[in-house]
>>> print(open('protein_25.cif').read())   # mmCIF, C-alpha atoms and all ligand atoms
data_my_file
#
loop_
_atom_site.label_atom_id
_atom_site.label_comp_id
_atom_site.auth_asym_id
_atom_site.auth_seq_id
_atom_site.Cartn_x
_atom_site.Cartn_y
_atom_site.Cartn_z
CA MET K 1041 19.48 -12.90 178.69
CA VAL K 1042 17.98 -15.78 176.79
CA GLU K 1043 14.72 -16.79 178.29
CA GLU K 1044 14.26 -20.53 178.26
CA GLY K 1045 11.61 -21.43 175.74
CA SER K 1046 11.12 -18.18 173.87
CA GLY K 1047 14.57 -16.64 173.42
CA ARG K 1048 16.36 -17.13 170.17
CA VAL K 1049 19.85 -16.07 169.09
CA GLN K 1050 18.32 -13.80 166.48
CA SER K 1051 16.44 -11.87 169.18
CA LEU K 1052 19.73 -11.19 171.04
CA VAL K 1053 21.22 -9.78 167.87
CA GLU K 1054 18.14 -7.68 167.12
CA ALA K 1055 18.35 -6.28 170.67
CA GLY K 1056 21.75 -4.90 169.65
CA ILE K 1057 24.06 -6.71 172.09
CA SER K 1058 27.76 -6.00 171.61
CA GLN K 1059 29.03 -8.89 173.76
CA VAL K 1060 27.80 -12.44 173.68
CA PRO K 1061 26.15 -13.77 176.87
CA PRO K 1062 28.44 -16.10 178.84
CA GLN K 1063 26.51 -19.27 178.03
CA TYR K 1064 27.57 -18.89 174.37
CA ILE K 1065 31.28 -18.54 175.11
CA GLN K 1066 33.24 -21.63 174.12
CA PRO K 1067 36.09 -22.88 176.31
CA PRO K 1068 39.43 -21.73 174.84
CA GLU K 1069 40.26 -25.14 173.31
CA SER K 1070 37.02 -25.16 171.27
CA ARG K 1071 37.14 -21.61 169.95
CA PRO K 1072 37.58 -21.19 166.21
CA GLY K 1073 40.94 -19.38 166.32
CA PRO K 1074 42.70 -18.26 163.18
CA PRO K 1075 42.19 -20.63 160.23
CA GLN K 1076 44.65 -23.48 160.73
CA ALA K 1077 44.79 -24.47 157.10
CA PRO K 1078 44.22 -22.71 153.82
CA HIS K 1079 40.84 -23.28 152.22
CA SER K 1080 40.84 -26.62 150.61
CA SER K 1081 41.00 -26.54 146.86
CA GLU K 1082 41.40 -30.31 146.62
CA PHE K 1083 38.03 -31.03 148.18
CA PRO K 1084 36.44 -33.73 145.99
CA CYS K 1085 33.64 -32.78 143.63
CA ILE K 1086 31.89 -35.59 141.76
CA ASP K 1087 29.84 -35.12 138.60
CA LEU K 1088 26.94 -37.56 138.92
CA SER K 1089 25.89 -37.12 135.28
CA GLU K 1090 28.75 -39.48 134.46
CA THR K 1091 27.17 -42.34 136.40
CA ASP K 1092 25.36 -43.83 133.39
CA ARG K 1093 28.36 -43.54 131.09
CA ASP K 1094 31.04 -44.74 133.46
CA ARG K 1095 29.68 -46.03 136.74
CA ASP K 1096 33.03 -47.62 137.68
CA ARG K 1097 34.81 -44.29 137.53
CA VAL K 1098 32.17 -42.50 139.62
CA ARG K 1099 32.21 -45.32 142.14
CA GLU K 1100 35.98 -45.11 142.37
CA ALA K 1101 35.91 -41.34 142.85
CA ILE K 1102 33.29 -41.71 145.58
CA GLY K 1103 35.35 -44.41 147.30
CA LYS K 1104 38.44 -42.18 147.30
CA ALA K 1105 36.47 -39.19 148.64
CA CYS K 1106 34.90 -41.31 151.38
CA LEU K 1107 38.29 -42.67 152.42
CA GLU K 1108 40.08 -39.34 152.39
CA TRP K 1109 37.39 -36.91 153.58
CA GLY K 1110 34.19 -38.70 154.59
CA ALA K 1111 32.53 -35.99 152.51
CA PHE K 1112 32.30 -34.70 148.95
CA HIS K 1113 30.38 -32.33 146.71
CA VAL K 1114 28.13 -33.66 143.96
CA THR K 1115 27.12 -31.73 140.84
CA ASN K 1116 24.63 -32.65 138.11
CA HIS K 1117 22.86 -34.50 140.88
CA GLY K 1118 19.39 -34.41 139.33
CA VAL K 1119 17.84 -32.09 141.95
CA PRO K 1120 16.58 -29.02 140.04
CA VAL K 1121 18.94 -26.17 140.93
CA GLY K 1122 15.96 -23.78 141.04
CA LEU K 1123 14.62 -25.85 143.93
CA LEU K 1124 17.90 -25.35 145.85
CA ASP K 1125 17.57 -21.59 145.33
CA ARG K 1126 13.89 -21.58 146.31
CA ILE K 1127 14.30 -23.43 149.59
CA ARG K 1128 17.18 -21.14 150.59
CA SER K 1129 15.27 -17.98 149.77
CA LEU K 1130 12.04 -19.16 151.46
CA SER K 1131 14.04 -20.11 154.55
CA HIS K 1132 15.72 -16.69 154.62
CA SER K 1133 12.23 -15.15 154.41
CA PHE K 1134 10.93 -17.20 157.31
CA PHE K 1135 13.80 -16.12 159.57
CA GLU K 1136 14.11 -12.54 158.34
CA ASP K 1137 10.57 -11.40 157.44
CA LEU K 1138 8.55 -12.83 160.32
CA SER K 1139 8.55 -11.33 163.81
CA LEU K 1140 9.71 -13.43 166.77
CA PRO K 1141 6.11 -14.00 168.03
CA GLU K 1142 5.08 -15.12 164.53
CA LYS K 1143 7.96 -17.57 164.38
CA LEU K 1144 7.23 -18.79 167.89
CA ASN K 1145 3.85 -20.06 166.65
CA TYR K 1146 5.95 -22.92 165.29
CA ALA K 1147 8.20 -23.36 168.36
CA CYS K 1148 9.52 -26.89 168.86
CA ASP K 1149 9.11 -28.64 172.19
CA PRO K 1150 12.28 -27.64 174.08
CA SER K 1151 12.03 -30.66 176.38
CA SER K 1152 12.27 -33.23 173.61
CA PRO K 1153 15.35 -33.60 171.40
CA ALA K 1154 15.02 -33.08 167.64
CA SER K 1155 11.37 -32.18 167.98
CA GLN K 1156 9.84 -30.58 164.91
CA GLY K 1157 9.69 -26.80 164.62
CA TYR K 1158 11.49 -23.56 165.40
CA GLY K 1159 14.20 -23.89 168.03
CA THR K 1160 17.68 -22.92 169.10
CA ARG K 1161 19.12 -25.56 171.44
CA MET K 1162 20.48 -28.74 169.97
CA LEU K 1163 20.81 -30.44 173.34
CA LEU K 1164 18.33 -30.69 176.17
CA PRO K 1165 18.79 -28.22 179.01
CA PRO K 1166 20.38 -29.95 182.03
CA SER K 1167 17.55 -31.26 184.21
CA PRO K 1168 17.72 -30.11 187.82
CA SER K 1169 18.74 -33.21 189.72
CA PRO K 1170 17.31 -33.37 193.28
CA SER K 1171 20.32 -35.17 194.76
CA PRO K 1172 23.22 -35.23 192.37
CA SER K 1173 25.49 -38.13 193.03
CA PRO K 1174 29.15 -37.84 192.08
CA SER K 1175 29.06 -41.24 190.43
CA GLN K 1176 26.27 -40.34 188.02
CA ASP K 1177 27.42 -39.89 184.46
CA ASN K 1178 24.86 -37.25 183.62
CA HIS K 1179 24.92 -33.92 181.88
CA ASN K 1180 25.06 -31.93 185.10
CA ASN K 1181 28.73 -32.81 185.39
CA GLN K 1182 30.96 -29.80 185.16
CA ASP K 1183 32.73 -31.35 182.20
CA ASP K 1184 29.45 -31.71 180.36
CA THR K 1185 27.93 -28.27 180.91
CA PHE K 1186 26.61 -27.37 177.53
CA VAL K 1187 27.79 -24.22 175.83
CA LEU K 1188 25.04 -22.91 173.56
CA ASP K 1189 25.44 -22.72 169.80
CA TRP K 1190 25.06 -19.37 168.02
CA ARG K 1191 22.23 -20.78 165.91
CA ASP K 1192 18.48 -20.88 165.48
CA TYR K 1193 16.85 -23.59 163.38
CA PHE K 1194 13.68 -25.01 161.93
CA ASP K 1195 13.44 -28.79 161.89
CA HIS K 1196 10.93 -30.52 159.56
CA HIS K 1197 10.05 -34.19 159.88
CA THR K 1198 9.67 -35.25 156.26
CA LEU K 1199 10.01 -39.03 155.65
CA PRO K 1200 8.53 -41.58 155.83
CA LEU K 1201 5.37 -39.84 154.66
CA SER K 1202 3.57 -40.96 157.83
CA ARG K 1203 5.75 -38.41 159.75
CA ARG K 1204 5.14 -35.57 157.32
CA ASP K 1205 2.63 -33.02 158.61
CA PRO K 1206 2.98 -29.78 156.63
CA SER K 1207 0.32 -28.10 158.79
CA ARG K 1208 3.13 -27.72 161.38
CA TRP K 1209 5.38 -25.92 158.92
CA PRO K 1210 5.37 -22.17 158.22
CA HIS K 1211 2.37 -20.76 156.30
CA TYR K 1212 4.57 -17.93 155.09
CA PRO K 1213 5.94 -17.46 152.48
CA PRO K 1214 2.92 -19.00 150.73
CA SER K 1215 4.81 -21.67 148.77
CA TYR K 1216 6.92 -22.73 151.78
CA ARG K 1217 5.20 -26.04 152.51
CA GLU K 1218 4.99 -27.17 148.93
CA VAL K 1219 8.68 -26.41 148.35
CA VAL K 1220 9.81 -28.25 151.49
CA ALA K 1221 7.75 -31.31 150.50
CA GLN K 1222 9.23 -31.31 146.99
CA TYR K 1223 12.73 -30.76 148.38
CA SER K 1224 12.29 -33.70 150.74
CA ASP K 1225 11.21 -36.00 147.90
CA GLU K 1226 14.08 -35.00 145.63
CA MET K 1227 16.69 -35.26 148.39
CA GLY K 1228 15.33 -38.65 149.51
CA GLU K 1229 15.78 -39.97 145.98
CA LEU K 1230 19.30 -38.59 145.70
CA ALA K 1231 20.22 -40.03 149.11
CA ARG K 1232 19.12 -43.51 147.98
CA ARG K 1233 21.16 -43.21 144.80
CA LEU K 1234 24.21 -42.09 146.74
CA MET K 1235 23.87 -44.84 149.35
CA GLY K 1236 23.86 -47.35 146.48
CA LEU K 1237 27.05 -45.89 145.05
CA ILE K 1238 28.71 -45.67 148.47
CA SER K 1239 27.76 -49.27 149.19
CA GLU K 1240 29.25 -50.43 145.89
CA SER K 1241 32.34 -48.30 146.39
CA VAL K 1242 33.22 -50.17 149.58
CA GLY K 1243 32.80 -53.51 147.80
CA MET K 1244 29.24 -54.41 148.81
CA GLY K 1245 26.05 -54.86 146.80
CA ILE K 1246 24.17 -51.73 145.72
CA SER K 1247 21.39 -52.16 148.30
CA ARG K 1248 23.54 -53.33 151.24
CA ILE K 1249 23.36 -50.06 153.22
CA GLU K 1250 19.61 -49.73 152.74
CA ASP K 1251 19.13 -53.39 153.62
CA ALA K 1252 21.11 -52.87 156.83
CA VAL K 1253 18.41 -50.46 157.98
CA GLY K 1254 15.48 -52.54 156.77
CA GLY K 1255 14.91 -50.42 153.66
CA GLU K 1256 13.11 -47.65 155.53
CA ILE K 1257 14.79 -44.25 155.68
CA TYR K 1258 13.85 -41.55 158.17
CA GLN K 1259 14.49 -38.06 156.88
CA ASN K 1260 14.56 -34.64 158.61
CA VAL K 1261 15.18 -31.33 156.87
CA THR K 1262 16.82 -28.83 159.24
CA VAL K 1263 17.33 -25.22 158.26
CA SER K 1264 20.04 -23.59 160.39
CA TYR K 1265 20.16 -19.81 160.67
CA TYR K 1266 23.31 -18.24 162.11
CA PRO K 1267 22.79 -14.54 162.89
CA PRO K 1268 25.85 -12.28 162.76
CA CYS K 1269 27.78 -12.61 166.01
CA PRO K 1270 29.48 -9.66 167.73
CA GLN K 1271 32.32 -11.91 168.98
CA PRO K 1272 32.86 -14.67 166.41
CA ASP K 1273 36.22 -15.61 167.90
CA LEU K 1274 34.52 -16.75 171.14
CA THR K 1275 31.59 -18.70 169.72
CA LEU K 1276 30.60 -21.53 167.42
CA GLY K 1277 27.51 -21.61 165.23
CA LEU K 1278 27.40 -25.34 165.77
CA GLN K 1279 29.87 -27.25 167.93
CA SER K 1280 32.12 -30.00 166.58
CA HIS K 1281 30.14 -33.15 165.80
CA SER K 1282 29.49 -35.88 163.30
CA ASP K 1283 25.91 -36.52 162.22
CA MET K 1284 24.26 -39.55 163.80
CA GLY K 1285 22.57 -41.35 160.95
CA LEU K 1286 23.55 -42.55 157.46
CA ILE K 1287 24.16 -39.58 155.19
CA THR K 1288 23.48 -35.86 155.30
CA LEU K 1289 22.93 -33.76 152.18
CA LEU K 1290 23.73 -30.13 152.85
CA ILE K 1291 23.38 -26.89 150.95
CA GLN K 1292 24.49 -23.49 152.23
CA ASP K 1293 24.44 -19.85 151.20
CA ASP K 1294 26.62 -19.35 148.12
CA ASP K 1295 28.48 -16.35 149.45
CA VAL K 1296 28.93 -16.83 153.20
CA GLU K 1297 31.46 -19.37 154.44
CA GLY K 1298 31.12 -21.05 157.80
CA LEU K 1299 31.25 -24.83 157.52
CA GLN K 1300 34.52 -26.47 158.58
CA LEU K 1301 35.64 -30.10 158.32
CA PHE K 1302 38.17 -31.66 160.67
CA LYS K 1303 40.78 -33.29 158.46
CA ASP K 1304 44.29 -34.44 159.40
CA ASN K 1305 43.92 -32.76 162.81
CA GLN K 1306 43.09 -29.37 161.36
CA TRP K 1307 39.88 -27.44 160.71
CA VAL K 1308 39.46 -26.79 157.01
CA THR K 1309 36.93 -24.21 155.82
CA LEU K 1310 34.82 -25.47 152.96
CA HIS K 1311 34.11 -23.04 150.12
CA PRO K 1312 30.42 -23.13 149.20
CA LEU K 1313 30.08 -24.38 145.61
CA PRO K 1314 26.99 -22.89 143.97
CA HIS K 1315 24.37 -25.51 143.12
CA ALA K 1316 26.50 -28.38 144.33
CA ILE K 1317 25.21 -30.54 147.19
CA LEU K 1318 27.57 -31.54 149.99
CA VAL K 1319 27.41 -35.20 151.05
CA LEU K 1320 28.54 -35.93 154.63
CA LEU K 1321 28.99 -39.51 155.81
CA SER K 1322 27.36 -40.00 159.19
CA ASP K 1323 28.06 -42.34 162.10
CA GLN K 1324 25.98 -45.39 161.06
CA ILE K 1325 27.88 -45.60 157.75
CA GLU K 1326 31.10 -45.78 159.75
CA ILE K 1327 29.68 -48.71 161.75
CA ILE K 1328 28.22 -50.52 158.72
CA THR K 1329 31.51 -50.21 156.79
CA ASN K 1330 33.38 -51.38 159.92
CA GLY K 1331 35.37 -48.15 160.02
CA LYS K 1332 36.56 -48.38 156.42
CA TYR K 1333 34.76 -45.08 155.90
CA ARG K 1334 34.78 -42.54 158.73
CA SER K 1335 31.95 -40.13 159.46
CA ALA K 1336 32.80 -36.49 158.79
CA GLN K 1337 33.55 -34.39 161.85
CA HIS K 1338 32.39 -30.85 161.21
CA ARG K 1339 31.33 -27.59 162.86
CA ALA K 1340 30.02 -24.16 161.87
CA ILE K 1341 31.81 -20.93 162.73
CA THR K 1342 30.15 -17.51 162.92
CA ASN K 1343 31.02 -14.11 161.51
CA SER K 1344 30.27 -10.58 162.63
CA HIS K 1345 28.80 -9.11 159.47
CA ARG K 1346 26.33 -11.42 157.73
CA PRO K 1347 23.79 -14.05 158.66
CA ARG K 1348 24.43 -17.50 157.23
CA LEU K 1349 21.92 -20.19 156.35
CA SER K 1350 22.27 -23.90 155.63
CA VAL K 1351 19.76 -26.64 154.87
CA ALA K 1352 20.81 -30.09 156.13
CA THR K 1353 18.78 -33.12 155.06
CA PHE K 1354 19.48 -36.05 157.36
CA HIS K 1355 18.83 -39.67 156.32
CA ASP K 1356 18.67 -42.03 159.25
CA PRO K 1357 17.75 -45.62 160.16
CA PRO K 1358 14.49 -46.33 162.02
CA LYS K 1359 15.04 -46.07 165.78
CA THR K 1360 14.22 -49.76 166.23
CA THR K 1361 17.06 -50.94 164.00
CA THR K 1362 20.21 -52.53 165.37
CA ILE K 1363 23.23 -51.40 163.40
CA SER K 1364 26.36 -53.53 163.17
CA PRO K 1365 29.31 -53.92 160.81
CA ALA K 1366 28.20 -55.54 157.52
CA PRO K 1367 29.14 -59.25 157.52
CA ASP K 1368 30.31 -58.85 153.90
CA LEU K 1369 33.26 -56.80 155.14
CA LEU K 1370 34.33 -59.08 158.00
CA THR K 1371 37.09 -61.65 157.74
CA PRO K 1372 39.29 -63.33 160.34
CA SER K 1373 41.88 -60.64 159.69
CA SER K 1374 39.26 -57.89 159.68
CA PRO K 1375 37.05 -58.59 162.71
CA PRO K 1376 34.22 -56.26 163.81
CA ARG K 1377 35.54 -52.99 165.19
CA TYR K 1378 32.23 -51.67 166.61
CA ARG K 1379 29.69 -53.10 169.00
CA PRO K 1380 26.18 -53.46 167.55
CA VAL K 1381 23.95 -50.61 168.66
CA ASN K 1382 20.25 -49.94 168.69
CA TYR K 1383 19.85 -46.71 166.73
CA GLY K 1384 17.23 -45.29 169.12
CA HIS K 1385 19.62 -45.79 172.06
CA TYR K 1386 22.44 -44.21 170.11
CA VAL K 1387 20.34 -41.11 169.46
CA SER K 1388 19.17 -40.70 173.07
CA SER K 1389 22.67 -41.12 174.41
CA TRP K 1390 24.01 -38.58 171.87
CA TYR K 1391 21.44 -36.00 172.92
CA SER K 1392 21.98 -36.50 176.64
CA LYS K 1393 25.80 -36.45 176.55
CA GLY K 1394 26.36 -34.01 173.69
CA PRO K 1395 28.56 -34.74 170.70
CA LYS K 1396 32.06 -33.58 171.77
CA GLY K 1397 33.38 -34.39 168.31
CA LYS K 1398 32.94 -38.13 167.77
CA ARG K 1399 32.96 -39.45 171.32
CA ASN K 1400 29.59 -41.24 171.01
CA LEU K 1401 30.79 -43.32 168.11
CA ASP K 1402 34.21 -43.90 169.63
CA ALA K 1403 32.46 -45.36 172.70
CA LEU K 1404 31.34 -48.29 170.51
CA LEU K 1405 34.85 -49.17 169.36
CA LEU K 1406 35.96 -52.69 170.25
CA ILE K 1407 39.58 -52.48 169.19
O1 LIG X 1 25.44 -25.11 158.93
C1 LIG X 1 26.21 -25.96 158.55
O2 LIG X 1 26.91 -25.82 157.56
C2 LIG X 1 26.32 -27.26 159.32
C3 LIG X 1 25.00 -27.82 159.77
C4 LIG X 1 25.17 -29.14 160.45
O3 LIG X 1 26.24 -29.64 160.61
C5 LIG X 1 24.01 -29.85 160.98
O4 LIG X 1 22.89 -29.31 160.90
O5 LIG X 1 24.19 -30.98 161.49
FE FE X 2 26.05 -31.76 161.12
#
>>> encode(input="protein_25.cif", output="C-alpha cells")
Amino acid sequence: MVEEGSGRVQSLVEAGISQVPPQYIQPPESRPGPPQAPHSSEFPCIDLSETDRDRDRVREAIGKACLEWGAFHVTNHGVPVGLLDRIRSLSHSFFEDLSLPEKLNYACDPSSPASQGYGTRMLLPPSPSPSPSPSQDNHNNQDDTFVLDWRDYFDHHTLPLSRRDPSRWPHYPPSYREVVAQYSDEMGELARRLMGLISESVGMGISRIEDAVGGEIYQNVTVSYYPPCPQPDLTLGLQSHSDMGLITLLIQDDDVEGLQLFKDNQWVTLHPLPHAILVLLSDQIEIITNGKYRSAQHRAITNSHRPRLSVATFHDPPKTTTISPAPDLLTPSSPPRYRPVNYGHYVSSWYSKGPKGKRNLDALLLI
C-alpha cells in the first residue's frame, strides 16, 4: 500500500509487486488500449537556425504546426545539446542512485498543489468532508475520485529568480543544482523566443503574448520519473490533460516512448527525437489566441520493462494576471470565445477538480 506522504511509485516497484494497487487502476474508458494510430511520422519539426535567414518561413511553419497539432519539435534551438543530456542523466541519478529516505529529504508538501520538491501526486488528496452535501461540486464526488498516476516527480521553482532557491534542490549528484539553474535560464530564453514567433504566426506583434501576461514569466522545471509498471494496460503514467500556462518545453529519454498526443480523436504516440525539444501549447495561449490555436491534450503511458524520464519546463503567467482573448484578434465576426479568467483561480480550480482532458478550459467557453 502507498502510505500517504512517504510512499512513492518507485518504492512499490522496488518492493516487487506484480499487480498494481487498485488506486492506480484507470477506469476502462481511460486505459491506454492498443495504439489507435500508427506512430506519427508527419509530426512537425522546425529548424530554428533558419529564423535569421527566413523568418517568414519559420513563422509560417510554426503557424501550421500550432493549427494542426498544438505542438511541434524544434531543432537547432540554441540550447546546448550537452545540457539536455546532462539534465537527463543527473535526473536519472537522483531517482535511481539515492535511497527513498535520501530522496524524501526533499519531499514536497503533499497538502499544497505544485509545491516544490519530490512528490508523486499531481492532485490534492480528497479532503475528508465532515458533512458532504449532494449539491457540493467537490472532489469527493464519485465521478471525481482521483485515480493515481504511475509517476514520481521532482518539481523545481526556477523563475522569476526571486522564486529560485537551489538549497531546496538535490545536493547529489554534485553538479545537479548548477545544471538545473543553467537549464532554467536557457529554456526561459528559448520560451521567450518561441512565444514571439507564435505571437507573430497568429498575426499579432512579436511581444503580444508576453505583454498579455505583463512581461513576467513564471517557470517550473518538473522531472517526471515513470518506473516500469507490471500492468501497463491498466494504468497511465500521467492522465490526459493540457498544461495550464503558456508553453511547455519538454525533453524525454531518447529510447523509451511514452508520450501521446490526442489528435483527430485518436491517441498518437510521439517518437522521441534526440536533441530536439518538444513545444506544447498550453491553455492560456488558447485563450489569448481566442481559440485559433488549441492547447495540446496529452498523456503518458507506462511500460513493463524500462523506467522513463521526462523534463517538462512550464512557462506560466503570474497568478495575479487576468487572461482574455487578445483584442487584436477580435472583430464583429470573430467575437471573444472565452471568458476572461484570473490565472490564479484557473490553477486552483484545475488542481481541485482534476484535468479530465481539457474540461477546465472548456468551462470558459462562451460560444
Ligand atoms: O512525461 C511526459 O512526457 C509528459 C509530462 C507532462 O505532460 C507534464 O509534466 O505535464
Ligand atoms: Fe503536461
>>> closest_atom_pairs(input="protein_25.cif", of="chain K", to="ligand LIG 1 (chain X)", cutoff="8 Å", atoms="all atoms listed in the file", output="JSON lines")
{"residue": "K:Thr1262", "atom": "CA", "partner": "X:LIG1", "partner_atom": "O4", "distance": 6.3}
{"residue": "K:Val1263", "atom": "CA", "partner": "X:LIG1", "partner_atom": "O4", "distance": 7.4}
{"residue": "K:Ser1264", "atom": "CA", "partner": "X:LIG1", "partner_atom": "O1", "distance": 5.8}
{"residue": "K:Tyr1265", "atom": "CA", "partner": "X:LIG1", "partner_atom": "O1", "distance": 7.7}
{"residue": "K:Tyr1266", "atom": "CA", "partner": "X:LIG1", "partner_atom": "O1", "distance": 7.9}
{"residue": "K:Gly1277", "atom": "CA", "partner": "X:LIG1", "partner_atom": "O1", "distance": 7.5}
{"residue": "K:Leu1278", "atom": "CA", "partner": "X:LIG1", "partner_atom": "C2", "distance": 6.8}
{"residue": "K:His1281", "atom": "CA", "partner": "X:LIG1", "partner_atom": "O3", "distance": 7.4}
{"residue": "K:Ser1282", "atom": "CA", "partner": "X:LIG1", "partner_atom": "O5", "distance": 7.4}
{"residue": "K:Asp1283", "atom": "CA", "partner": "X:LIG1", "partner_atom": "O5", "distance": 5.8}
{"residue": "K:Thr1288", "atom": "CA", "partner": "X:LIG1", "partner_atom": "O5", "distance": 7.9}
{"residue": "K:Leu1290", "atom": "CA", "partner": "X:LIG1", "partner_atom": "O2", "distance": 7.1}
{"residue": "K:Ile1291", "atom": "CA", "partner": "X:LIG1", "partner_atom": "O2", "distance": 7.6}
{"residue": "K:Gln1292", "atom": "CA", "partner": "X:LIG1", "partner_atom": "O2", "distance": 6.3}
{"residue": "K:Gly1298", "atom": "CA", "partner": "X:LIG1", "partner_atom": "O2", "distance": 6.4}
{"residue": "K:Leu1299", "atom": "CA", "partner": "X:LIG1", "partner_atom": "O2", "distance": 4.5}
{"residue": "K:Gln1300", "atom": "CA", "partner": "X:LIG1", "partner_atom": "O2", "distance": 7.7}
{"residue": "K:His1338", "atom": "CA", "partner": "X:LIG1", "partner_atom": "O3", "distance": 6.3}
{"residue": "K:Arg1339", "atom": "CA", "partner": "X:LIG1", "partner_atom": "O3", "distance": 5.9}
{"residue": "K:Ala1340", "atom": "CA", "partner": "X:LIG1", "partner_atom": "C1", "distance": 5.4}
{"residue": "K:Arg1348", "atom": "CA", "partner": "X:LIG1", "partner_atom": "O1", "distance": 7.9}
{"residue": "K:Leu1349", "atom": "CA", "partner": "X:LIG1", "partner_atom": "O1", "distance": 6.6}
{"residue": "K:Ser1350", "atom": "CA", "partner": "X:LIG1", "partner_atom": "O1", "distance": 4.7}
{"residue": "K:Val1351", "atom": "CA", "partner": "X:LIG1", "partner_atom": "O1", "distance": 7.1}
{"residue": "K:Ala1352", "atom": "CA", "partner": "X:LIG1", "partner_atom": "O4", "distance": 5.3}
>>> write_last_selection(input="protein_25.cif", atoms="C-alpha atoms", output="tab-separated table (two decimals), in the coordinates of the input")
chain	number	residue	atom	x	y	z
K	1262	THR	CA	16.82	-28.83	159.24
K	1263	VAL	CA	17.33	-25.22	158.26
K	1264	SER	CA	20.04	-23.59	160.39
K	1265	TYR	CA	20.16	-19.81	160.67
K	1266	TYR	CA	23.31	-18.24	162.11
K	1277	GLY	CA	27.51	-21.61	165.23
K	1278	LEU	CA	27.40	-25.34	165.77
K	1281	HIS	CA	30.14	-33.15	165.80
K	1282	SER	CA	29.49	-35.88	163.30
K	1283	ASP	CA	25.91	-36.52	162.22
K	1288	THR	CA	23.48	-35.86	155.30
K	1290	LEU	CA	23.73	-30.13	152.85
K	1291	ILE	CA	23.38	-26.89	150.95
K	1292	GLN	CA	24.49	-23.49	152.23
K	1298	GLY	CA	31.12	-21.05	157.80
K	1299	LEU	CA	31.25	-24.83	157.52
K	1300	GLN	CA	34.52	-26.47	158.58
K	1338	HIS	CA	32.39	-30.85	161.21
K	1339	ARG	CA	31.33	-27.59	162.86
K	1340	ALA	CA	30.02	-24.16	161.87
K	1348	ARG	CA	24.43	-17.50	157.23
K	1349	LEU	CA	21.92	-20.19	156.35
K	1350	SER	CA	22.27	-23.90	155.63
K	1351	VAL	CA	19.76	-26.64	154.87
K	1352	ALA	CA	20.81	-30.09	156.13
>>> closest_residue(input="protein_25.cif", among="K:Ala1336, K:Ile1257, K:Val1296, K:Leu1107", to="ligand FE 2 (chain X)", atoms="only C-alpha atoms and all ligand atoms")
K:Ala1336
>>> closest_residue(input="protein_25.cif", among="K:Tyr1383, K:Trp1307, K:Phe1194, K:Phe1354", to="ligand FE 2 (chain X)", atoms="all atoms listed in the file")
K:Phe1354
>>> closest_residue(input="protein_25.cif", among="K:Gln1337, K:Thr1361, K:Pro1372, K:Asp1273", to="K:Pro1072", atoms="only C-alpha atoms")
K:Asp1273
>>> atom_distance(input="protein_25.cif", atom1="atom CA of K:Ser1051", atom2="atom CA of K:Leu1144")
11.6 Å
>>> atom_distance(input="protein_25.cif", atom1="atom CA of K:Ala1403", atom2="atom CA of K:Asn1260")
25.2 Å
>>> closest_residue(input="protein_25.cif", among="K:Ile1249, K:Leu1188, K:Val1098, K:Val1319", to="ligand FE 2 (chain X)", atoms="all atoms listed in the file")
K:Val1319
>>> atom_distance(input="protein_25.cif", atom1="atom CA of K:Ser1392", atom2="atom CA of K:Cys1148")
17.6 Å
>>> closest_residue(input="protein_25.cif", among="K:Asn1305, K:Thr1329, K:Ser1344, K:Gln1279", to="ligand FE 2 (chain X)", atoms="all atoms listed in the file")
K:Gln1279
>>> closest_residue(input="protein_25.cif", among="K:Ser1239, K:Ser1202, K:Ser1335, K:Thr1371", to="ligand FE 2 (chain X)", atoms="all atoms listed in the file")
K:Ser1335
>>> residues_near_point(input="protein_25.cif", point="(9.3, -31.9, 166.8)", cutoff="12 Å", atoms="all atoms listed in the file", output="list of chain:residue names")
K:Tyr1146, K:Ala1147, K:Cys1148, K:Asp1149, K:Pro1150, K:Ser1151, K:Ser1152, K:Pro1153, K:Ala1154, K:Ser1155, K:Gln1156, K:Gly1157, K:Tyr1158, K:Gly1159, K:Tyr1193, K:Phe1194, K:Asp1195, K:His1196, K:His1197, K:Thr1198, K:Arg1203, K:Arg1204, K:Asp1205, K:Arg1208, K:Trp1209, K:Asn1260, K:Val1261, K:Thr1262
>>> residues_around(input="protein_25.cif", residues="K:Glu1326", least_positions_apart="5", cutoff="10 Å", atoms="only C-alpha atoms", output="list in words")
Gly1110, Gly1285, Leu1286, Leu1321, Gly1331, Lys1332, Tyr1333, Arg1334, Ser1335, Ala1336, Ser1364, Pro1365, Tyr1378 and Leu1401 of chain K
>>> residues_around(input="protein_25.cif", residues="K:Pro1061", least_positions_apart="2", cutoff="10 Å", atoms="all atoms listed in the file", output="list in words")
Met1041, Val1042, Leu1052, Ile1057, Ser1058, Gln1059, Gln1063, Tyr1064, Ile1065 and Leu1188 of chain K
>>> write_last_selection(input="protein_25.cif", atoms="C-alpha atoms", output="PDB file, in the frame of the given file")
ATOM      1  CA  MET K1041      19.480 -12.900 178.690  1.00  0.00           C
ATOM      2  CA  VAL K1042      17.980 -15.780 176.790  1.00  0.00           C
ATOM      3  CA  LEU K1052      19.730 -11.190 171.040  1.00  0.00           C
ATOM      4  CA  ILE K1057      24.060  -6.710 172.090  1.00  0.00           C
ATOM      5  CA  SER K1058      27.760  -6.000 171.610  1.00  0.00           C
ATOM      6  CA  GLN K1059      29.030  -8.890 173.760  1.00  0.00           C
ATOM      7  CA  GLN K1063      26.510 -19.270 178.030  1.00  0.00           C
ATOM      8  CA  TYR K1064      27.570 -18.890 174.370  1.00  0.00           C
ATOM      9  CA  ILE K1065      31.280 -18.540 175.110  1.00  0.00           C
ATOM     10  CA  LEU K1188      25.040 -22.910 173.560  1.00  0.00           C
TER      11      LEU K1188
END
>>> residues_around(input="protein_25.cif", residues="K:Ile1317", least_positions_apart="3", cutoff="9 Å", atoms="all atoms listed in the file", output="number ranges by chain")
K: 1112-1115, 1117, 1289-1292, 1313-1314
>>> decode(input="protein_25.cif", residues="stretch 1125-1135 of chain K", atoms="C-alpha atoms", output="short mmCIF file (atom, residue, chain, number, x, y, z; two decimals), in the first residue's frame")
data_model
loop_
_atom_site.label_atom_id
_atom_site.label_comp_id
_atom_site.auth_asym_id
_atom_site.auth_seq_id
_atom_site.Cartn_x
_atom_site.Cartn_y
_atom_site.Cartn_z
CA ASP K 1125 21.99 15.16 -21.89
CA ARG K 1126 23.33 16.36 -18.53
CA ILE K 1127 19.98 17.23 -17.00
CA ARG K 1128 18.54 13.86 -18.08
CA SER K 1129 21.45 11.90 -16.69
CA LEU K 1130 21.56 13.86 -13.39
CA SER K 1131 17.82 13.34 -13.00
CA HIS K 1132 18.17 9.60 -13.62
CA SER K 1133 20.88 9.58 -10.93
CA PHE K 1134 18.68 11.35 -8.41
CA PHE K 1135 15.86 8.84 -8.86
#
